[in-house]
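Asker: The structure follows.
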Amino acid sequence: MESKPDLISKRRTFLGSMAGFFSLGFLTWLDLWNKAKAGDVSFMNNLPDPVTSGKELPTFKFQLEKQKGKVIGGSSVKAATVRDFPISKSIAGASMRLEPGGMRELHWHATAAEWTYVVEGRIRTTVIEPGGTSEVNEFSAGDVWFFPRGHGHMLECLGEQPCHFILIFDNGYFSEFGTFSLTDWFAQTPKELLAKNLRVPAETFASFPKGEVYFSKGKIPPEKASPALLKGKTPLMSHKATLKGPQPHRVFPGGKEWTVDSSKFPIAKTVAGVLFELEAGALRELHWHPNADEWQYVLEGTFRVTLFGSGGRYREEILEKGDVAYLPQGFGHSIENIGDKTGQILLGLNAEEYQVIDISSWLASNSPEVLATNFNQPKEIFEKFPRKDVFIAPL
Ligand code: MN
Ligand code: MN
């Protein structure tokens with residue numbers, strides 16, 4: 001439950017933001033007001049968004065791996081933000097590769113939390129939380145990390161093989177190129193101030209980097225992490241979980257599903273992850289998410305993604321390996337493997353809980369008579385419809 005002052009401040013913000021919207025009419029206004037009183041701000045999504053409220057649906061595909069990105073030595077990052085991918089207002093993503101010995105330096109994100117899926121290689125991370133608790137973790141393919149907004153962290157590649165991971169940020173305006181890096185901060189701060197702060201002579205900083213390093217490069221880190229200067233307390237909630245382990249969480253004719261949300265990964269309050277392995281020709285059926293936008297990254301294969309946006313608006317995109325898609329909250333969609341071998345697609349949803357409504361179970365929750373009237377068709381047709389959730393339909 002939210003405390004009263006929170007609700008009052010939400011009401012005030014709401015009143016302020018509603019000042020220009022009297023044209024909505026009194027009933028709509030009252031409706032929104034009642035929702036606001038309940039503390040639910042998700043109604044804000046109902047205000048017309050110029051990107052998704054036009055006559056046609058905009059493209060919802062972005063070729064992430066075809067971007068040039070930022071390359072330093074053998075490490076690189078490619079980002080998809082709302083600047084290049086206008087529909088993706090609430091989720092930004094990035095594909096990062098670290099060379100052996102490569103490090104994404106100590107940094108934090110002022111405006112986004114970071115959820116990451118490891119595609120290949122091994123990575124060690126350090127993270128600090130408010131209160132000074134800290135954690136060191138190691139990740140390999142299939143693992144995920146979550147760093148809440150503002151928590152300081154570092155990523156380093158372990159071993160002789162390069163690493164590749166997909167980052168998902170809970171803010172589409174966030175850019176991985178706009179992070180707060182430690183070397184940048186040091187470079188901007190007078191040496192005397194750093195000296196006073198860190199209790200060492202100012203000359204100590206004479207040869208420090210003159211600007212942001214972003215990716216640094218060193219020796220391959222020791223297999224066993226060297227001890228920190230101070231061994232802090234361990235956080236109550238770990239920043240590490242596994243999405244894709246050897247056992248799928250659900251198996252269907254035609255495909256498998258792995259999921260991780262805050263029920264298994266309590267710290268991940270703003271991003272839930274899903275991975276589908278779909279056999280050639282298999283279809284993740286028509287569905288929508290009541291509580292989340294969906295960001296997709298194709299790990300392997302070729303998929304046709306369909307999107308229904310109300311008002312006669314429908315669009316399809318073909319996604320190849322390395323392509324990204326974004327499906328707004330509540331918009332109907334489907335995912336079909338149109339390649340000739342098994343494919344894999346990673347999904348990030350900006351919600352605490354993974355919630356889905358599938359078309360087959362929605363139809364099945366109504367009687368054939370209701371469906372017959374709805375479609376103006378004989379009811380016998382609907383008696384043949386599935387009587388359980390299809391979820392994944394095989395070829
Ligand atoms: Mn980061
Ligand atoms: Mn979906």
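To be explicit about the labels: the chains of the structure tokens are called A, B, and onward in the order shown, and within each one the residues are counted from 1, while ligands get numbers from 1 in the order they are shown.
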Which residues sit within 9 Å of ligand 1, counting only C-alpha atoms and all ligand atoms, listed as an mmCIF file with C-alpha atoms, in the first residue's frame?
Answerer:
data_model
loop_
_atom_site.group_PDB
_atom_site.id
_atom_site.type_symbol
_atom_site.label_atom_id
_atom_site.label_comp_id
_atom_site.auth_asym_id
_atom_site.auth_seq_id
_atom_site.Cartn_x
_atom_site.Cartn_y
_atom_site.Cartn_z
ATOM 1 C CA ARG A 104 32.949 -1.739 -18.960
ATOM 2 C CA GLU A 105 34.232 0.697 -16.380
ATOM 3 C CA LEU A 106 32.607 1.654 -13.050
ATOM 4 C CA HIS A 107 29.493 3.684 -13.877
ATOM 5 C CA TRP A 108 25.857 4.235 -13.020
ATOM 6 C CA HIS A 109 22.671 5.217 -14.838
ATOM 7 C CA ALA A 113 17.592 0.382 -14.350
ATOM 8 C CA GLU A 114 19.639 -2.187 -16.280
ATOM 9 C CA TRP A 115 18.448 -5.766 -16.943
ATOM 10 C CA PHE A 147 20.946 -3.159 -11.422
ATOM 11 C CA HIS A 151 23.315 1.528 -8.426
ATOM 12 C CA GLY A 152 27.035 1.784 -9.350
ATOM 13 C CA HIS A 153 28.415 -1.173 -11.290
ATOM 14 C CA MET A 154 31.278 -2.614 -13.354
ATOM 15 C CA LEU A 155 31.389 -5.476 -15.885
ATOM 16 C CA LEU A 167 21.016 -4.916 -22.012
ATOM 17 C CA GLU A 176 24.029 3.612 -22.875
ATOM 18 C CA THR A 179 25.995 6.978 -18.472
#
Asker: Please provide the set of residues having any atom within 12 Å of Gly132 of chain A, restricted to only C-alpha atoms, with same-chain residues fewer than 5 positions apart removed, written as a VMD selection string.
Answerer: chain A and resid 127 151 to 152 230 to 235
Asker: Take the residues from that selection and put them in a file with C-alpha atoms, as a PDB file, in the first residue's frame.
Answerer:
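Once everything was written out, this is result_4.pdb:
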ATOM      1  CA  VAL A 127      27.680  -3.424  -7.756  1.00  0.00           C
ATOM      2  CA  HIS A 151      23.315   1.528  -8.426  1.00  0.00           C
ATOM      3  CA  GLY A 152      27.035   1.784  -9.350  1.00  0.00           C
ATOM      4  CA  LEU A 230      36.754  -3.158   2.016  1.00  0.00           C
ATOM      5  CA  LYS A 231      34.592  -6.221   2.304  1.00  0.00           C
ATOM      6  CA  GLY A 232      31.095  -4.709   2.530  1.00  0.00           C
ATOM      7  CA  LYS A 233      27.880  -6.363   3.677  1.00  0.00           C
ATOM      8  CA  THR A 234      26.029  -8.512   1.136  1.00  0.00           C
ATOM      9  CA  PRO A 235      22.685  -7.119  -0.102  1.00  0.00           C
TER      10      PRO A 235
END
Asker: At a cut-off of 9 Å around ligand 2, and using only C-alpha atoms and all ligand atoms, what residues come up? Please write them as an MDAnalysis selection string.
Answerer: chainID A and resid 284 286:289 293:296 327 332:335 347 349 356
Asker: Given only C-alpha atoms as the basis, pick out the residue of A:Leu283, A:Val271, A:Val213, A:Val305 nearest to Phe391 of chain A.
Answerer: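 Among A:Leu283, A:Val271, A:Val213, A:Val305, it is A:Leu283 that comes nearest to Phe391 of chain A.
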Asker: Quick one: of A:Gly339, A:Gly281, A:Pro290, A:Gly273, who's nearest to Gly254 of chain A, counting only C-alpha atoms?
Answerer: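 Distance minimum relative to Gly254 of chain A lands on A:Gly281.
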Asker: Rank A:Pro86, A:Pro266, A:Gly178, A:Pro368 by their smallest atom-to-atom distance to Ala241 of chain A, using only C-alpha atoms, and report the top residue only.
Answerer: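 Smallest separation from Ala241 of chain A among the options: A:Pro266.
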Asker: List as number ranges by chain the protein and nucleic acid residues near Lys68 of chain A, meaning an atom at most 12 Å away when only C-alpha atoms are counted, but skip any in the same chain fewer than 2 places from it.
Answerer: A: 63-66, 70-72, 76-80, 95
